[in-house]
file entry.cif (mmCIF, C-alpha atoms and all ligand atoms)
data_query
#
loop_
_atom_site.group_PDB
_atom_site.id
_atom_site.type_symbol
_atom_site.label_atom_id
_atom_site.label_comp_id
_atom_site.auth_asym_id
_atom_site.auth_seq_id
_atom_site.Cartn_x
_atom_site.Cartn_y
_atom_site.Cartn_z
ATOM 1 C CA MET A 1 136.506 132.864 93.248
ATOM 2 C CA ASP A 2 139.103 132.988 96.078
ATOM 3 C CA ASN A 3 140.704 136.367 96.758
ATOM 4 C CA LEU A 4 144.353 135.332 96.430
ATOM 5 C CA LEU A 5 145.543 138.719 97.695
ATOM 6 C CA SER A 6 143.656 138.496 100.988
ATOM 7 C CA LEU A 7 145.703 138.183 104.199
ATOM 8 C CA GLN A 8 142.666 137.123 106.237
ATOM 9 C CA GLY A 9 143.666 134.659 108.968
ATOM 10 C CA LYS A 10 147.398 135.262 108.538
ATOM 11 C CA HIS A 11 149.700 136.384 111.349
ATOM 12 C CA ILE A 12 152.436 138.687 110.059
ATOM 13 C CA LEU A 13 155.508 140.026 111.868
ATOM 14 C CA VAL A 14 156.807 143.377 110.594
ATOM 15 C CA THR A 15 160.204 144.581 111.826
ATOM 16 C CA GLY A 16 161.004 148.280 111.593
ATOM 17 C CA ALA A 17 157.309 149.012 112.135
ATOM 18 C CA SER A 18 157.829 152.181 114.166
ATOM 19 C CA SER A 19 158.380 154.421 111.137
ATOM 20 C CA GLY A 20 158.735 154.780 107.385
ATOM 21 C CA MET A 21 157.968 151.795 105.202
ATOM 22 C CA GLY A 22 157.527 149.233 107.991
ATOM 23 C CA LYS A 23 154.775 151.325 109.557
ATOM 24 C CA VAL A 24 152.886 151.589 106.255
ATOM 25 C CA PHE A 25 153.404 147.877 105.418
ATOM 26 C CA ALA A 26 151.883 146.971 108.806
ATOM 27 C CA GLN A 27 148.890 149.249 108.143
ATOM 28 C CA MET A 28 148.397 147.778 104.666
ATOM 29 C CA ALA A 29 148.666 144.167 105.900
ATOM 30 C CA ALA A 30 146.116 144.853 108.655
ATOM 31 C CA ALA A 31 143.779 146.443 106.097
ATOM 32 C CA GLN A 32 143.949 143.178 104.113
ATOM 33 C CA GLY A 33 142.809 141.226 107.187
ATOM 34 C CA ALA A 34 146.122 140.131 108.718
ATOM 35 C CA ARG A 35 146.826 140.059 112.441
ATOM 36 C CA VAL A 36 150.049 142.027 112.723
ATOM 37 C CA SER A 37 152.876 141.951 115.278
ATOM 38 C CA LEU A 38 155.048 145.057 115.203
ATOM 39 C CA LEU A 39 158.717 145.162 116.161
ATOM 40 C CA ALA A 40 161.212 148.023 116.632
ATOM 41 C CA ARG A 41 163.066 149.755 119.487
ATOM 42 C CA ASN A 42 160.926 152.861 120.050
ATOM 43 C CA GLU A 43 157.878 151.987 122.161
ATOM 44 C CA GLU A 44 156.138 155.329 121.737
ATOM 45 C CA ARG A 45 156.248 155.187 117.952
ATOM 46 C CA LEU A 46 155.242 151.510 117.931
ATOM 47 C CA LYS A 47 152.149 152.423 119.952
ATOM 48 C CA VAL A 48 151.264 155.067 117.359
ATOM 49 C CA THR A 49 151.534 152.432 114.610
ATOM 50 C CA LEU A 50 149.493 149.956 116.669
ATOM 51 C CA GLU A 51 146.688 152.473 117.172
ATOM 52 C CA SER A 52 146.570 153.161 113.432
ATOM 53 C CA LEU A 53 145.919 149.512 112.470
ATOM 54 C CA GLU A 54 142.519 148.333 111.225
ATOM 55 C CA GLY A 55 141.096 145.198 112.814
ATOM 56 C CA GLU A 56 141.846 143.419 116.061
ATOM 57 C CA GLY A 57 144.422 141.224 117.766
ATOM 58 C CA HIS A 58 147.507 143.206 116.748
ATOM 59 C CA ASP A 59 150.386 143.663 119.165
ATOM 60 C CA PHE A 60 153.889 145.080 119.398
ATOM 61 C CA CYS A 61 157.201 144.116 120.920
ATOM 62 C CA THR A 62 160.055 146.492 121.621
ATOM 63 C CA CYS A 63 163.335 144.911 120.651
ATOM 64 C CA ASP A 64 166.776 146.009 119.597
ATOM 65 C CA LEU A 65 167.438 143.432 116.895
ATOM 66 C CA THR A 66 171.169 143.676 117.447
ATOM 67 C CA GLU A 67 170.827 142.360 121.034
ATOM 68 C CA ASP A 68 170.763 138.577 121.021
ATOM 69 C CA ASP A 69 168.995 138.198 124.397
ATOM 70 C CA GLN A 70 166.213 140.560 123.255
ATOM 71 C CA LEU A 71 165.771 138.493 120.088
ATOM 72 C CA THR A 72 165.523 135.319 122.154
ATOM 73 C CA ASP A 73 162.893 136.989 124.357
ATOM 74 C CA ILE A 74 160.771 137.918 121.344
ATOM 75 C CA VAL A 75 160.976 134.435 119.896
ATOM 76 C CA ASN A 76 159.861 133.008 123.246
ATOM 77 C CA LYS A 77 156.807 135.269 123.286
ATOM 78 C CA ILE A 78 155.576 135.272 119.679
ATOM 79 C CA ASP A 79 153.112 132.729 118.274
ATOM 80 C CA GLN A 80 152.969 130.938 114.897
ATOM 81 C CA LEU A 81 153.678 133.157 111.871
ATOM 82 C CA ASP A 82 152.430 133.076 108.267
ATOM 83 C CA GLY A 83 154.593 135.946 107.114
ATOM 84 C CA ILE A 84 157.593 138.050 108.119
ATOM 85 C CA VAL A 85 158.564 141.402 106.648
ATOM 86 C CA LEU A 86 162.152 142.218 107.566
ATOM 87 C CA CYS A 87 162.128 145.965 107.153
ATOM 88 C CA ALA A 88 164.282 147.236 110.052
ATOM 89 C CA GLY A 89 167.454 148.799 108.783
ATOM 90 C CA ILE A 90 169.883 151.682 108.963
ATOM 91 C CA ASN A 91 171.761 153.703 106.358
ATOM 92 C CA ASP A 92 175.029 155.617 106.476
ATOM 93 C CA PHE A 93 176.858 157.442 103.704
ATOM 94 C CA VAL A 94 180.610 157.055 104.312
ATOM 95 C CA PRO A 95 183.400 157.202 101.723
ATOM 96 C CA VAL A 96 185.635 154.141 101.959
ATOM 97 C CA LYS A 97 188.573 156.106 103.449
ATOM 98 C CA PHE A 98 186.501 157.016 106.525
ATOM 99 C CA ILE A 99 184.966 153.634 107.283
ATOM 100 C CA LYS A 100 185.780 152.442 110.804
ATOM 101 C CA GLN A 101 185.422 148.905 112.161
ATOM 102 C CA GLU A 102 182.620 149.981 114.498
ATOM 103 C CA LYS A 103 180.607 151.325 111.535
ATOM 104 C CA ILE A 104 181.065 148.038 109.653
ATOM 105 C CA SER A 105 179.883 146.084 112.693
ATOM 106 C CA LYS A 106 176.865 148.293 113.330
ATOM 107 C CA MET A 107 175.731 148.221 109.694
ATOM 108 C CA PHE A 108 176.103 144.472 109.249
ATOM 109 C CA GLN A 109 174.740 143.683 112.697
ATOM 110 C CA THR A 110 171.552 145.659 112.015
ATOM 111 C CA ASN A 111 170.964 145.119 108.297
ATOM 112 C CA TYR A 112 172.184 141.554 107.923
ATOM 113 C CA PHE A 113 173.159 139.384 110.919
ATOM 114 C CA SER A 114 170.223 140.271 113.171
ATOM 115 C CA GLN A 115 167.717 139.526 110.400
ATOM 116 C CA LEU A 116 169.190 136.102 109.745
ATOM 117 C CA ILE A 117 169.458 135.273 113.437
ATOM 118 C CA LEU A 118 165.809 136.236 113.954
ATOM 119 C CA VAL A 119 164.745 133.952 111.092
ATOM 120 C CA GLN A 120 166.983 131.160 112.398
ATOM 121 C CA LYS A 121 165.585 131.404 115.937
ATOM 122 C CA LEU A 122 161.999 131.359 114.602
ATOM 123 C CA LEU A 123 162.774 128.333 112.417
ATOM 124 C CA LYS A 124 164.398 126.446 115.288
ATOM 125 C CA LYS A 125 161.262 126.912 117.383
ATOM 126 C CA LYS A 126 159.064 125.893 114.406
ATOM 127 C CA LEU A 127 157.239 129.229 114.604
ATOM 128 C CA ILE A 128 157.085 129.739 110.831
ATOM 129 C CA ASN A 129 154.105 127.918 109.334
ATOM 130 C CA LYS A 130 154.108 125.799 106.194
ATOM 131 C CA GLY A 131 153.162 128.090 103.285
ATOM 132 C CA ALA A 132 154.579 131.187 105.023
ATOM 133 C CA SER A 133 156.359 133.985 103.191
ATOM 134 C CA ILE A 134 159.521 135.791 104.331
ATOM 135 C CA VAL A 135 160.102 139.169 102.689
ATOM 136 C CA PHE A 136 163.404 140.994 103.127
ATOM 137 C CA ILE A 137 163.531 144.702 102.313
ATOM 138 C CA SER A 138 166.824 145.005 100.480
ATOM 139 C CA SER A 139 167.727 147.983 98.254
ATOM 140 C CA ILE A 140 168.598 148.872 94.692
ATOM 141 C CA SER A 141 171.872 150.127 96.225
ATOM 142 C CA SER A 142 172.942 146.473 96.433
ATOM 143 C CA MET A 143 173.135 146.418 92.630
ATOM 144 C CA LEU A 144 174.648 149.865 92.007
ATOM 145 C CA GLY A 145 177.958 151.571 92.726
ATOM 146 C CA VAL A 146 176.847 154.850 94.265
ATOM 147 C CA GLN A 147 179.741 156.613 96.015
ATOM 148 C CA GLY A 148 179.627 156.549 99.813
ATOM 149 C CA THR A 149 177.279 153.558 100.001
ATOM 150 C CA LEU A 150 179.853 150.785 100.410
ATOM 151 C CA LEU A 151 178.649 149.635 103.839
ATOM 152 C CA TYR A 152 174.935 149.942 103.147
ATOM 153 C CA ALA A 153 175.104 148.472 99.633
ATOM 154 C CA SER A 154 177.168 145.483 100.709
ATOM 155 C CA SER A 155 174.920 144.759 103.722
ATOM 156 C CA LYS A 156 171.962 144.628 101.316
ATOM 157 C CA GLY A 157 173.979 142.596 98.791
ATOM 158 C CA ALA A 158 174.523 140.029 101.541
ATOM 159 C CA ILE A 159 170.744 139.892 102.019
ATOM 160 C CA ASN A 160 170.233 139.190 98.303
ATOM 161 C CA SER A 161 172.587 136.217 98.519
ATOM 162 C CA ALA A 162 170.971 134.957 101.722
ATOM 163 C CA VAL A 163 167.535 135.065 100.065
ATOM 164 C CA ARG A 164 168.529 132.531 97.403
ATOM 165 C CA VAL A 165 170.120 130.096 99.873
ATOM 166 C CA LEU A 166 167.274 130.369 102.390
ATOM 167 C CA ALA A 167 164.696 129.908 99.626
ATOM 168 C CA SER A 168 166.416 126.739 98.543
ATOM 169 C CA GLU A 169 166.781 125.369 102.101
ATOM 170 C CA LEU A 170 163.194 126.156 103.120
ATOM 171 C CA ALA A 171 161.331 125.129 99.963
ATOM 172 C CA ASN A 172 160.682 121.628 101.324
ATOM 173 C CA GLN A 173 158.683 123.282 104.144
ATOM 174 C CA ARG A 174 156.909 125.413 101.517
ATOM 175 C CA ILE A 175 158.294 128.546 103.198
ATOM 176 C CA ARG A 176 159.029 131.138 100.508
ATOM 177 C CA VAL A 177 161.822 133.694 100.785
ATOM 178 C CA ASN A 178 162.116 136.783 98.578
ATOM 179 C CA ALA A 179 163.461 140.324 98.689
ATOM 180 C CA ILE A 180 162.216 143.629 97.387
ATOM 181 C CA CYS A 181 164.900 146.096 96.277
ATOM 182 C CA PRO A 182 163.380 149.584 96.325
ATOM 183 C CA GLY A 183 164.916 152.671 94.795
ATOM 184 C CA ILE A 184 164.601 155.948 96.710
ATOM 185 C CA VAL A 185 161.488 156.055 98.891
ATOM 186 C CA LYS A 186 160.625 159.188 100.839
ATOM 187 C CA THR A 187 160.837 158.196 104.524
ATOM 188 C CA GLU A 188 162.354 159.239 107.833
ATOM 189 C CA MET A 189 165.519 157.306 106.856
ATOM 190 C CA LEU A 190 166.354 159.850 104.167
ATOM 191 C CA SER A 191 165.475 162.931 106.200
ATOM 192 C CA GLY A 192 167.866 161.579 108.865
ATOM 193 C CA THR A 193 170.909 161.336 106.567
ATOM 194 C CA ASN A 194 173.681 163.862 106.042
ATOM 195 C CA VAL A 195 172.852 164.076 102.313
ATOM 196 C CA ASP A 196 171.717 167.511 101.041
ATOM 197 C CA GLU A 197 168.119 167.912 99.916
ATOM 198 C CA ASP A 198 169.283 169.018 96.423
ATOM 199 C CA VAL A 199 170.909 165.586 95.932
ATOM 200 C CA PHE A 200 167.427 164.071 96.186
ATOM 201 C CA THR A 201 165.982 166.720 93.888
ATOM 202 C CA LYS A 202 168.608 165.782 91.283
ATOM 203 C CA GLN A 203 167.912 162.066 91.828
ATOM 204 C CA GLU A 204 164.186 162.613 91.344
ATOM 205 C CA ALA A 205 164.838 163.702 87.757
ATOM 206 C CA LEU A 206 166.360 160.256 87.109
ATOM 207 C CA TYR A 207 163.208 158.416 88.209
ATOM 208 C CA PRO A 208 160.783 158.146 85.254
ATOM 209 C CA LEU A 209 157.895 157.480 87.680
ATOM 210 C CA GLY A 210 159.234 159.853 90.359
ATOM 211 C CA LEU A 211 160.583 158.898 93.795
ATOM 212 C CA GLY A 212 158.660 156.164 95.628
ATOM 213 C CA THR A 213 156.325 156.308 98.581
ATOM 214 C CA PRO A 214 156.019 153.536 101.197
ATOM 215 C CA LYS A 215 152.610 152.651 99.707
ATOM 216 C CA ASP A 216 154.183 152.093 96.282
ATOM 217 C CA VAL A 217 156.407 149.386 97.773
ATOM 218 C CA GLY A 218 153.625 148.156 100.065
ATOM 219 C CA GLY A 219 151.630 146.784 97.126
ATOM 220 C CA ALA A 220 154.508 144.426 96.324
ATOM 221 C CA VAL A 221 154.878 143.472 99.992
ATOM 222 C CA LEU A 222 151.185 142.470 100.128
ATOM 223 C CA PHE A 223 151.620 140.394 96.966
ATOM 224 C CA HIS A 224 154.646 138.616 98.439
ATOM 225 C CA LEU A 225 152.810 137.898 101.710
ATOM 226 C CA SER A 226 149.685 136.615 99.981
ATOM 227 C CA ASP A 227 148.894 133.308 98.292
ATOM 228 C CA ALA A 228 148.979 135.165 94.957
ATOM 229 C CA SER A 229 152.771 134.678 95.039
ATOM 230 C CA ARG A 230 152.756 131.055 96.201
ATOM 231 C CA TRP A 231 154.991 129.902 93.299
ATOM 232 C CA LEU A 232 157.567 132.669 93.808
ATOM 233 C CA THR A 233 160.703 132.095 95.838
ATOM 234 C CA GLY A 234 164.389 133.088 95.884
ATOM 235 C CA GLN A 235 163.850 136.304 93.934
ATOM 236 C CA CYS A 236 165.012 139.892 94.463
ATOM 237 C CA MET A 237 162.457 142.203 92.905
ATOM 238 C CA ILE A 238 163.658 145.634 91.793
ATOM 239 C CA MET A 239 161.073 148.368 92.453
ATOM 240 C CA ASP A 240 162.496 151.699 91.455
ATOM 241 C CA GLY A 241 160.017 153.681 89.370
ATOM 242 C CA GLY A 242 162.102 152.918 86.297
ATOM 243 C CA PHE A 243 165.390 154.325 87.667
ATOM 244 C CA THR A 244 167.475 151.412 86.346
ATOM 245 C CA LEU A 245 166.073 151.919 82.818
ATOM 246 C CA ASN A 246 168.529 154.803 82.424
HETATM 247 N N1 LIG B 301 163.957 154.896 102.230
HETATM 248 C C1 LIG B 301 164.580 154.422 101.162
HETATM 249 O O1 LIG B 301 164.853 155.134 100.182
HETATM 250 C C2 LIG B 301 164.947 152.968 101.093
HETATM 251 C C3 LIG B 301 165.303 152.435 99.846
HETATM 252 C C4 LIG B 301 165.627 151.095 99.756
HETATM 253 C C5 LIG B 301 165.567 150.279 100.883
HETATM 254 N N2 LIG B 301 165.231 150.829 102.085
HETATM 255 C C6 LIG B 301 165.181 149.917 103.234
HETATM 256 O O2 LIG B 301 163.867 149.893 103.725
HETATM 257 C C7 LIG B 301 163.851 149.589 105.123
HETATM 258 C C8 LIG B 301 162.988 150.626 105.842
HETATM 259 O O3 LIG B 301 163.575 151.903 105.634
HETATM 260 P P1 LIG B 301 162.789 153.254 105.895
HETATM 261 O O4 LIG B 301 163.190 154.161 104.809
HETATM 262 O O5 LIG B 301 161.371 152.992 106.191
HETATM 263 O O6 LIG B 301 163.570 153.737 107.212
HETATM 264 P P2 LIG B 301 163.119 154.268 108.646
HETATM 265 O O7 LIG B 301 161.900 155.087 108.573
HETATM 266 O O8 LIG B 301 164.360 154.866 109.234
HETATM 267 O O9 LIG B 301 162.772 152.913 109.413
HETATM 268 C C9 LIG B 301 163.753 152.043 109.871
HETATM 269 C C10 LIG B 301 163.118 151.160 110.922
HETATM 270 O O10 LIG B 301 164.093 150.242 111.416
HETATM 271 C C11 LIG B 301 163.993 150.197 112.835
HETATM 272 N N3 LIG B 301 165.292 149.810 113.385
HETATM 273 C C12 LIG B 301 166.513 150.343 113.102
HETATM 274 N N4 LIG B 301 167.458 149.747 113.836
HETATM 275 C C13 LIG B 301 166.842 148.805 114.591
HETATM 276 C C14 LIG B 301 167.284 147.871 115.556
HETATM 277 N N5 LIG B 301 168.568 147.780 115.920
HETATM 278 N N6 LIG B 301 166.368 147.042 116.136
HETATM 279 C C15 LIG B 301 165.060 147.132 115.796
HETATM 280 N N7 LIG B 301 164.591 148.002 114.883
HETATM 281 C C16 LIG B 301 165.457 148.829 114.295
HETATM 282 C C17 LIG B 301 163.576 151.621 113.230
HETATM 283 O O11 LIG B 301 162.864 151.633 114.448
HETATM 284 P P3 LIG B 301 163.423 152.101 115.880
HETATM 285 O O12 LIG B 301 164.284 153.301 115.675
HETATM 286 O O13 LIG B 301 162.166 152.333 116.651
HETATM 287 O O14 LIG B 301 164.157 150.912 116.376
HETATM 288 C C18 LIG B 301 162.580 151.933 112.112
HETATM 289 O O15 LIG B 301 161.300 151.428 112.449
HETATM 290 C C19 LIG B 301 165.317 149.606 105.553
HETATM 291 O O16 LIG B 301 165.797 148.278 105.623
HETATM 292 C C20 LIG B 301 166.019 150.344 104.422
HETATM 293 O O17 LIG B 301 167.355 149.961 104.277
HETATM 294 C C21 LIG B 301 164.916 152.145 102.228
#

call {"tool": "encode", "arguments": {"input": "entry.cif", "output": "structure tokens"}}
result
Amino acid sequence: MDNLLSLQGKHILVTGASSGMGKVFAQMAAAQGARVSLLARNEERLKVTLESLEGEGHDFCTCDLTEDDQLTDIVNKIDQLDGIVLCAGINDFVPVKFIKQEKISKMFQTNYFSQLILVQKLLKKKLINKGASIVFISSISSMLGVQGTLLYASSKGAINSAVRVLASELANQRIRVNAICPGIVKTEMLSGTNVDEDVFTKQEALYPLGLGTPKDVGGAVLFHLSDASRWLTGQCMIMDGGFTLN
């Protein structure tokens, strides 16, 4: 019987592959047989990810997704894709009173506009194959009202809306578009925030299955990239260790 979960023969682009979840998703996709292209800004860390991948033919491109000319460059260099994992993103905890225009621009440019522009440029050049899968990494924050997350939560909420429209527009090409909305996952993103460690300790108590690891989310990413999910499109899948059961 066919192994529907295999990624053998597929070419997958992973953005945000220099650290955290993107790095692990790239490793997991390569372990399932995919040829993986890695994207992020930091060349040194991308090289570390590249060296950790099983199999052959993988490559990386350094790119600041918020720079339109760099995006165009990438799209001119990359070859046909069977899957895209849009994992690059930033976070910032700012109460509404302290939000400045430049913070709004940076958050939306990175977490929302650049992702859509990348997909649009790839579509225009017909670089996304029939049967391909596009997976956005959104966040459970998009569905909650946690104080200080206005910018982050709304940038991810915009992704959730985009997923449904894109899924509908691309279905005739059999390109599927979905999002995964993780709860708290232990990565570099969290250690880089100004939130105290004891906030996370308190949060952990609210997660029936504990806080997530990149691998926990990676299983769902592999499913979305594989033919096992070929009848799934336009969905935002909550993955939060049971947090929203409370
Ligand atoms: N950790 C969580 O609890 C959690 C929960 C829900 C959703 N998420 C989402 O999951 C995704 C991955 O988060 P993570 O926790 O793995 O964070 P992370 O370790 O900080 O990784 C973020 C990645 O995005 C890349 N990136 C940021 N800005 C970029 C830009 N302008 N151009 C290109 N690449 C850029 C970074 O690479 P460079 O610095 O090398 O560019 C890095 O590889 C994010 O979208 C995040 O919002 C995280």

call {"tool": "axis_aligned_box", "arguments": {"input": "entry.cif", "around": "stretch 129-141 of chain A", "padding_each_side": "4 Å", "output": "JSON"}}
result
{"center_x": 162.5, "center_y": 138.0, "center_z": 102.0, "size_x": 26.7, "size_y": 32.3, "size_z": 22.6}

call {"tool": "resolve_selection", "arguments": {"input": "entry.cif", "expression": "the PyMOL selection byres (((not hetatm)) within 6 of (chain B and resi 301))", "output": "MDAnalysis selection string"}}
result
chainID A and resid 16:22 40:42 63:66 87:90 110 137:139 182:190

call {"tool": "atom_distance", "arguments": {"input": "entry.cif", "atom1": "atom CA of A:Arg174", "atom2": "atom CA of A:Leu116"}}
result
18.2 Å

call {"tool": "atom_distance", "arguments": {"input": "entry.cif", "atom1": "atom CA of A:Asp240", "atom2": "atom CA of A:Gly218"}}
result
12.9 Å

call {"tool": "closest_residue", "arguments": {"input": "entry.cif", "among": "A:Ser133, A:Ser37, A:Gln32, A:Gln120", "to": "A:Ile78", "atoms": "all atoms listed in the file"}}
result
A:Ser37

call {"tool": "closest_residue", "arguments": {"input": "entry.cif", "among": "A:Asn129, A:Gln27, A:Ser114, A:Gln147", "to": "A:Gln173", "atoms": "all atoms listed in the file"}}
result
A:Asn129

call {"tool": "resolve_selection", "arguments": {"input": "entry.cif", "expression": "the PyMOL selection byres (((chain A and resi 175) around 10) and not hetatm)", "output": "list of chain:residue names"}}
result
A:Asp82, A:Gly83, A:Ile128, A:Asn129, A:Lys130, A:Gly131, A:Ala132, A:Ser133, A:Ile134, A:Leu166, A:Ala167, A:Ser168, A:Glu169, A:Leu170, A:Ala171, A:Asn172, A:Gln173, A:Arg174, A:Arg176, A:Val177, A:Arg230, A:Thr233

call {"tool": "resolve_selection", "arguments": {"input": "entry.cif", "expression": "the PyMOL selection byres (((chain A and resi 2-6) around 8) and not hetatm)", "output": "list of chain:residue names"}}
result
A:Met1, A:Leu7, A:Gln8, A:Gln32, A:Gly33, A:Leu222, A:Phe223, A:Ser226, A:Asp227, A:Ala228

call {"tool": "decode", "arguments": {"input": "entry.cif", "residues": "stretch 11-37 of chain A", "atoms": "C-alpha atoms", "output": "PDB file, in the first residue's frame"}}
result
ATOM      1  CA  HIS A  11      10.531  19.849  -3.033  1.00  0.00           C
ATOM      2  CA  ILE A  12       9.597  21.867   0.051  1.00  0.00           C
ATOM      3  CA  LEU A  13      10.448  25.477   0.915  1.00  0.00           C
ATOM      4  CA  VAL A  14      10.614  26.255   4.645  1.00  0.00           C
ATOM      5  CA  THR A  15      10.823  29.903   5.719  1.00  0.00           C
ATOM      6  CA  GLY A  16      12.163  30.695   9.176  1.00  0.00           C
ATOM      7  CA  ALA A  17      14.404  27.633   8.901  1.00  0.00           C
ATOM      8  CA  SER A  18      17.342  29.122  10.794  1.00  0.00           C
ATOM      9  CA  SER A  19      15.894  28.419  14.245  1.00  0.00           C
ATOM     10  CA  GLY A  20      13.032  27.139  16.367  1.00  0.00           C
ATOM     11  CA  MET A  21      10.166  25.370  14.660  1.00  0.00           C
ATOM     12  CA  GLY A  22      11.224  26.054  11.061  1.00  0.00           C
ATOM     13  CA  LYS A  23      14.560  24.345  11.656  1.00  0.00           C
ATOM     14  CA  VAL A  24      12.884  21.233  13.087  1.00  0.00           C
ATOM     15  CA  PHE A  25      10.190  21.167  10.351  1.00  0.00           C
ATOM     16  CA  ALA A  26      12.960  21.213   7.717  1.00  0.00           C
ATOM     17  CA  GLN A  27      14.760  18.335   9.469  1.00  0.00           C
ATOM     18  CA  MET A  28      11.536  16.326   9.725  1.00  0.00           C
ATOM     19  CA  ALA A  29      10.591  16.932   6.068  1.00  0.00           C
ATOM     20  CA  ALA A  30      14.068  15.851   4.925  1.00  0.00           C
ATOM     21  CA  ALA A  31      13.803  12.718   7.080  1.00  0.00           C
ATOM     22  CA  GLN A  32      10.581  11.865   5.204  1.00  0.00           C
ATOM     23  CA  GLY A  33      12.439  12.070   1.877  1.00  0.00           C
ATOM     24  CA  ALA A  34      11.770  15.666   0.804  1.00  0.00           C
ATOM     25  CA  ARG A  35      14.334  17.900  -0.867  1.00  0.00           C
ATOM     26  CA  VAL A  36      14.257  21.017   1.281  1.00  0.00           C
ATOM     27  CA  SER A  37      15.079  24.662   0.528  1.00  0.00           C
TER      28      SER A  37
END
